[in-house]
Structures are given as C-alpha cells and as structure tokens.
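Participant: Below you will find the structure I want to go over with you.
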Amino acid sequence: MNVIDEADFKVYLVGGCVRDTLLNLKPVDYDLATNAPLDSLLSILTPGYRVFQVGKQFSTLVVRLSGFSVEMSLLRQRSRIEESHDDSDSVQFVMNSDGDIYSDLMCRDFTINSMAYTSVGTLIDPYDGEEDLNNRILKSIKPELVLNEDPLRVIRALRFKLKYDLSMDGELEEKLRNIAKTHVNLSVERLRDEFFKILLLDQPSIAIREMIDYGLMAWYPFKNLICRMKGYDQQNPYHDKTLLEHTLTVLDQSPPIIEVRLAALFHDVGKPDVQTFEEIAHYYGHEKLSSEHTRKVLRALKCSNQLMDDVTMLIAAHMFSPSDIGEKGIKRLIRKVGGFHQMRWLLDLMEADILGTAYPERSVCMEPLRQFVDELEIAETVFKRSDLNISGKDLIQVGVTEGKQIGSCLGTVLELVMDGVLVNERDVLMDYVQQNMNDHMKK
C-alpha cells in the first residue's frame, strides 16, 4: 500500500479483512482496491513483487508476498444500461478511475463487508458496518438490488449469519426468501465453492436445515438425495433419529475437513433405495449405493478426481465393524482407502457415525484403532508396492516376464510383507521371488 501511495495513487484495504480485523479475527485473505490503472500497477509493483493478472479480462492482480497473496482490483461503481429486449434496467459494474471509495463500497454485498481501511489505518464506514457488527446484525444497503446482482449472495448471507452469529435484517431475509424460490443461472463452480464453505462451518447442520427451509437445495444436483431423508424413519433400534437428523448429527460431529464433511453428508443417501425388513429395517449394501450416488453428485459439481475418489472411498468403507476388525484387517483397510491420513479420515467418519446413533457410548472403541494406526505409521509399515524395497526392474533382471507376472509377483510380496511373513529388505524379497518365480510365471 505504501508503494502505491508513493506513486500518487489511492489504495484501500477492503472487504473481509476489514470485517475480520474489527472482530479481532485473523483475516483469511487480504483484498485491495485502488484507482491506479492495471498497467500502472504492473510497472509500480513488478520490480519488487511477483505479480499475476487474473479474472475476467485480467482485471485483477494477485501480488505474491511471503507465504500468502494479496488480490488487487480497481475501484468499482454501478452502471445501468438499457437493454433492447425489454424496459428493465440491468446492473453491471465498471471500473472507477476517479478513486471514489464510497461508490466501490456501495457495490458490496453487506454492510459488514462495506468498509475500508486507508494505508494509515483510518476506517471508512459510510454504511455503519461496524455498528452492525457490534449489534450482531446482517444487513444490506439495497437488499433486492444486491441479491439480484448476484444470487449467490443468498447462500453467502446464510453463511455469514451462522459464521459470525448474526441476526438477519427483516428486509434482507424477505428478499432472500423470494430469490431462493427462483431459478438462478449460476456457475456450478461458484455454487460448489460456496456450499463447501457452508460445510466447513462449526455447525453446518443449521445451514443445511435453513437451505432446505428456504428452498435453496433446488439450486444443487443433490436436492432429492438430501430432501428425501427428511422425516425418513429408519425403523431400526440402533437409530433413534430420522435419516436426515442422523446425517446432520454426523456432519456436526465430524472434523472440518472437506473430504470428511462431504462423506458425512452423503454416507447414508442410498439407504431409502435398499431398505428391507426382517422384523426391523435393514440397509444391506447401502454404503456401496451411497458411494455411487455421491460420485455422480461430485462429478456434477465438477470436483477433482482426487476429491471424488477420497470421498467415495470413505463412504464405501464406512461400514466395517470397529470392535471386530483385527490387525490384518486394519492394514488392508489402510491400503484400500489410500494411506494413513485417509484412514484417520475414515476413523473420524466412523466415530461421528456412531455418535449419531442411539448408542453414542460405543464410540470409545475408536481410540484403540487410532493408536494402532499411529503405531503402524511410526513403524513405517508397508502398504503399497512403491514402499517395497524391490521394483519391477529387479524382477525383470531375474527373469520375471514383463506385464501381469510382475504385477502378480509384487502383489504377493506386498501381502506377505504386510502380514509379517517377509521382512521388507531387498535381499529377503529377491530370495523369495527367485525361489517362487516359476509359480508367478504360470499366473
């Protein structure tokens, strides 16, 4: 900010970093607004900083500092343009080179986000955002205009309300409910990212209930999967809650890790499809169907393959019996889910799942499993072929044919090492391979 000041341009800290500072919270990120044209900013900043142009038509600069980045945009103002196909006005933002911070702040969503700091720490607060923070109220300067400009602000409003323990202004809530009932044209990516932030709240169940109440689930491809759980009686003595209430309890009891929270939300969505009765209701195979449903949802949300694989694996594996599984079973499960941290995610999900039942005290059985997993990691236990002290090249050198035979041989060796039959030392493993090579050549 000092560098830009010295170049005779205006620059302000804006948005969430101002709000969080006033709340005595550490800001997650820092945004700057300036009247300096982008080409001027580039020439001012590039000698001392790594600078990248991003956003639509490269209208935003990202300045890389030590350990974090700062986003920088030109000051904005609203502009109304007549559209030829009807008599209504549409709103667009244009960059404002006049340096009017007040016009920029008027473009922002809520009063608590419509504040700025100058480079010397003077607070600019034309819409009483600090007072609303102190009174714990969420307001918008022009609710209908603000929400129509970007309907995603409806979900953001719910998130801010819950994250900062605010009450919602009556006019804002009325406009929010109206827009929530409409069909909106928002990108899947933006909807996904906002929903993921909802899931990472301290108590996401409240937000999910409110999204159902407002009708916001209709904006997402999992509406039917979630809404059909509401009021669903599981008709099983192990469960004293409806399917939705059980799911929301599991969600709240799980750690704020997006893979675990997604698995918690969708871990039982397949139950209504597989219900059978033998005096009481059973849900055989629901974990597999829930995993399949979830993969379709995450694909529709354009999630990464890694996220899809991690979440669906957690759901597919969440029905093992923690009180009956032995050491070999744990080792194979670690291998199945992909490693130690995925195994810990699974234990987190399992514990939350138990806490959501009629017998939450059973969760004590999880601690010995956690300790055993810790011991295995400390001992650098082998779980995948790449951990072995031999490779496919070693097998080729002693005459194992390339292809399936190599995979078969390495797989067998891995199983024996995991079971403690063989020590993961190269000479020991190669001796075993050479002694049993003919068997593998036949496979």
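How things are named: the first chain in the structure tokens is A, the next is B, and so on; residues count from 1 in each chain; ligands count from 1 in the order shown.
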Write down as a PyMOL selection string the residues of segment 81-282 of chain A whose backbone DSSP state falls under helix (DSSP H, G or I).
Facilitator: chain A and resi 101-106+111-113+129-134+143-149+152-163+170-180+188-199+204-214+216-219+223-227+243-253+258-266+271-274
Participant: Nearest to Ser363 of chain A among A:Val62, A:Leu347, A:Ile124, A:Met1, with distances taken over only C-alpha atoms: which residue is it?
Facilitator: A:Leu347
Participant: Determine the nearest neighbour of Ile330 of chain A from the options A:Leu176, A:Leu369, A:Leu158, A:Val54, counting only C-alpha atoms.
Facilitator: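 Answer, going by the shortest atom-to-atom distance: A:Leu369.
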Participant: Please extract the residues of segment 146-354 of chain A with a backbone DSSP assignment of strand (DSSP E) and present them as a VMD selection string.
Facilitator: chain A and resid 167 to 168 276 to 278 280 to 282
Participant: If you count only C-alpha atoms, which residues fall within 6 Å of segment 244-260 of chain A, apart from same-chain ones fewer than 6 positions away, as a PDB file with N, CA and C atoms, in the first residue's frame?
Facilitator:
```
ATOM      1  N   LEU A 200     -17.995 -26.357   6.016  1.00  0.00           N
ATOM      2  CA  LEU A 200     -16.866 -26.204   6.935  1.00  0.00           C
ATOM      3  C   LEU A 200     -17.170 -25.280   8.110  1.00  0.00           C
ATOM      4  N   GLN A 203     -20.979 -25.523  12.853  1.00  0.00           N
ATOM      5  CA  GLN A 203     -22.190 -26.351  12.988  1.00  0.00           C
ATOM      6  C   GLN A 203     -22.964 -26.304  11.668  1.00  0.00           C
ATOM      7  N   SER A 205     -24.978 -28.217  10.277  1.00  0.00           N
ATOM      8  CA  SER A 205     -26.346 -28.729  10.261  1.00  0.00           C
ATOM      9  C   SER A 205     -27.373 -27.597  10.236  1.00  0.00           C
ATOM     10  N   MET A 229     -34.481 -37.538   2.784  1.00  0.00           N
ATOM     11  CA  MET A 229     -34.111 -38.050   4.100  1.00  0.00           C
ATOM     12  C   MET A 229     -34.913 -37.385   5.217  1.00  0.00           C
ATOM     13  N   LYS A 230     -35.509 -36.232   4.926  1.00  0.00           N
ATOM     14  CA  LYS A 230     -36.258 -35.505   5.947  1.00  0.00           C
ATOM     15  C   LYS A 230     -37.482 -36.318   6.379  1.00  0.00           C
ATOM     16  N   VAL A 311     -13.627 -39.136  -1.200  1.00  0.00           N
ATOM     17  CA  VAL A 311     -14.933 -39.104  -0.536  1.00  0.00           C
ATOM     18  C   VAL A 311     -15.685 -40.406  -0.756  1.00  0.00           C
ATOM     19  N   ALA A 352     -18.008 -40.273  14.205  1.00  0.00           N
ATOM     20  CA  ALA A 352     -19.152 -39.371  14.071  1.00  0.00           C
ATOM     21  C   ALA A 352     -20.424 -40.149  13.783  1.00  0.00           C
ATOM     22  N   ASP A 353     -20.315 -41.198  12.976  1.00  0.00           N
ATOM     23  CA  ASP A 353     -21.469 -42.026  12.637  1.00  0.00           C
ATOM     24  C   ASP A 353     -22.036 -42.700  13.892  1.00  0.00           C
ATOM     25  N   GLY A 356     -23.961 -40.440  16.166  1.00  0.00           N
ATOM     26  CA  GLY A 356     -25.273 -40.087  15.651  1.00  0.00           C
ATOM     27  C   GLY A 356     -26.319 -41.170  15.833  1.00  0.00           C
TER      28      GLY A 356
END
```
Participant: Skipping near chain neighbours, those fewer than 2 positions away, what residues fall within 8 Å of Asp268 of chain A using only C-alpha atoms, listed as a list in words?
Facilitator: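 My reading of the contact set: Leu243, Thr247, Leu265, Phe266, Gly270, Lys271, His286, Glu287 and Ser290 of chain A.
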Participant: Go through A:Leu416, A:Leu388, A:Ala317, A:Ala180 one by one, measure the shortest atom-to-atom distance of each to Leu147 of chain A using only C-alpha atoms, and give the residue with the smallest value.
Facilitator: A:Ala180
Participant: Can you list, as a VMD selection string, every protein, DNA or RNA residue that comes within 12 Å of Ala316 of chain A when you count only C-alpha atoms, leaving out same-chain residues fewer than 5 positions away?
Facilitator: chain A and resid 263 to 264 266 to 270 285 to 295 308 to 311 333 336 to 337 346 349 to 350
Participant: Got a sec: who's within 9 Å of Val398 of chain A, counting only C-alpha atoms, leaving out chain neighbours fewer than 2 positions off, as a VMD selection string?
Facilitator: chain A and resid 394 to 396 400 430 433 to 434 437
Participant: Keeping only N, CA and C atoms, write the selected residues as a PDB file, in the first residue's frame.
Facilitator:
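Contents of the output file part-v7.pdb:
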```pdb
ATOM      1  N   ASP A 394      13.849 -54.934 -10.883  1.00  0.00           N
ATOM      2  CA  ASP A 394      14.564 -56.024 -10.203  1.00  0.00           C
ATOM      3  C   ASP A 394      14.034 -57.376 -10.652  1.00  0.00           C
ATOM      4  N   LEU A 395      12.713 -57.469 -10.819  1.00  0.00           N
ATOM      5  CA  LEU A 395      12.111 -58.747 -11.215  1.00  0.00           C
ATOM      6  C   LEU A 395      12.490 -59.106 -12.642  1.00  0.00           C
ATOM      7  N   ILE A 396      12.544 -58.133 -13.521  1.00  0.00           N
ATOM      8  CA  ILE A 396      12.923 -58.386 -14.916  1.00  0.00           C
ATOM      9  C   ILE A 396      14.343 -58.937 -14.984  1.00  0.00           C
ATOM     10  N   VAL A 400      11.633 -62.580 -14.492  1.00  0.00           N
ATOM     11  CA  VAL A 400      10.173 -62.485 -14.463  1.00  0.00           C
ATOM     12  C   VAL A 400       9.719 -61.709 -15.697  1.00  0.00           C
ATOM     13  N   MET A 430      14.118 -60.573  -2.765  1.00  0.00           N
ATOM     14  CA  MET A 430      14.618 -61.167  -4.011  1.00  0.00           C
ATOM     15  C   MET A 430      14.796 -62.678  -3.866  1.00  0.00           C
ATOM     16  N   VAL A 433      11.403 -64.172  -4.343  1.00  0.00           N
ATOM     17  CA  VAL A 433      10.982 -64.122  -5.744  1.00  0.00           C
ATOM     18  C   VAL A 433      11.663 -65.210  -6.553  1.00  0.00           C
ATOM     19  N   GLN A 434      12.972 -65.364  -6.361  1.00  0.00           N
ATOM     20  CA  GLN A 434      13.702 -66.370  -7.144  1.00  0.00           C
ATOM     21  C   GLN A 434      13.278 -67.790  -6.792  1.00  0.00           C
ATOM     22  N   MET A 437       9.670 -68.081  -8.381  1.00  0.00           N
ATOM     23  CA  MET A 437       9.470 -67.428  -9.679  1.00  0.00           C
ATOM     24  C   MET A 437       8.634 -68.274 -10.623  1.00  0.00           C
TER      25      MET A 437
END
```
Participant: Find the spatial neighbours of Tyr164 of chain A, counting only C-alpha atoms, within a cut-off of 10 Å - ignore same-chain residues fewer than 5 positions away - and output them as a ChimeraX atom specification.
Facilitator: /A:20,23,133,136-138,159
Participant: I'd like to know which of A:Met319, A:Ala207, A:Leu123, A:Ala116 is closest to Arg156 of chain A, using only C-alpha atoms.
Facilitator: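 Closest to Arg156 of chain A, using only C-alpha atoms: A:Ala207.
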Participant: Please indicate the distance in Å from atom CA of Asp104 of chain A to atom CA of Gly48 of chain A, rounded to one decimal place.
Facilitator: 27.5 Å
Participant: I need the residue nearest Leu429 of chain A from this list: A:Glu415, A:Ser167, A:Arg64, A:Ile390. Use only C-alpha atoms for the distance.
Facilitator: A:Ile390
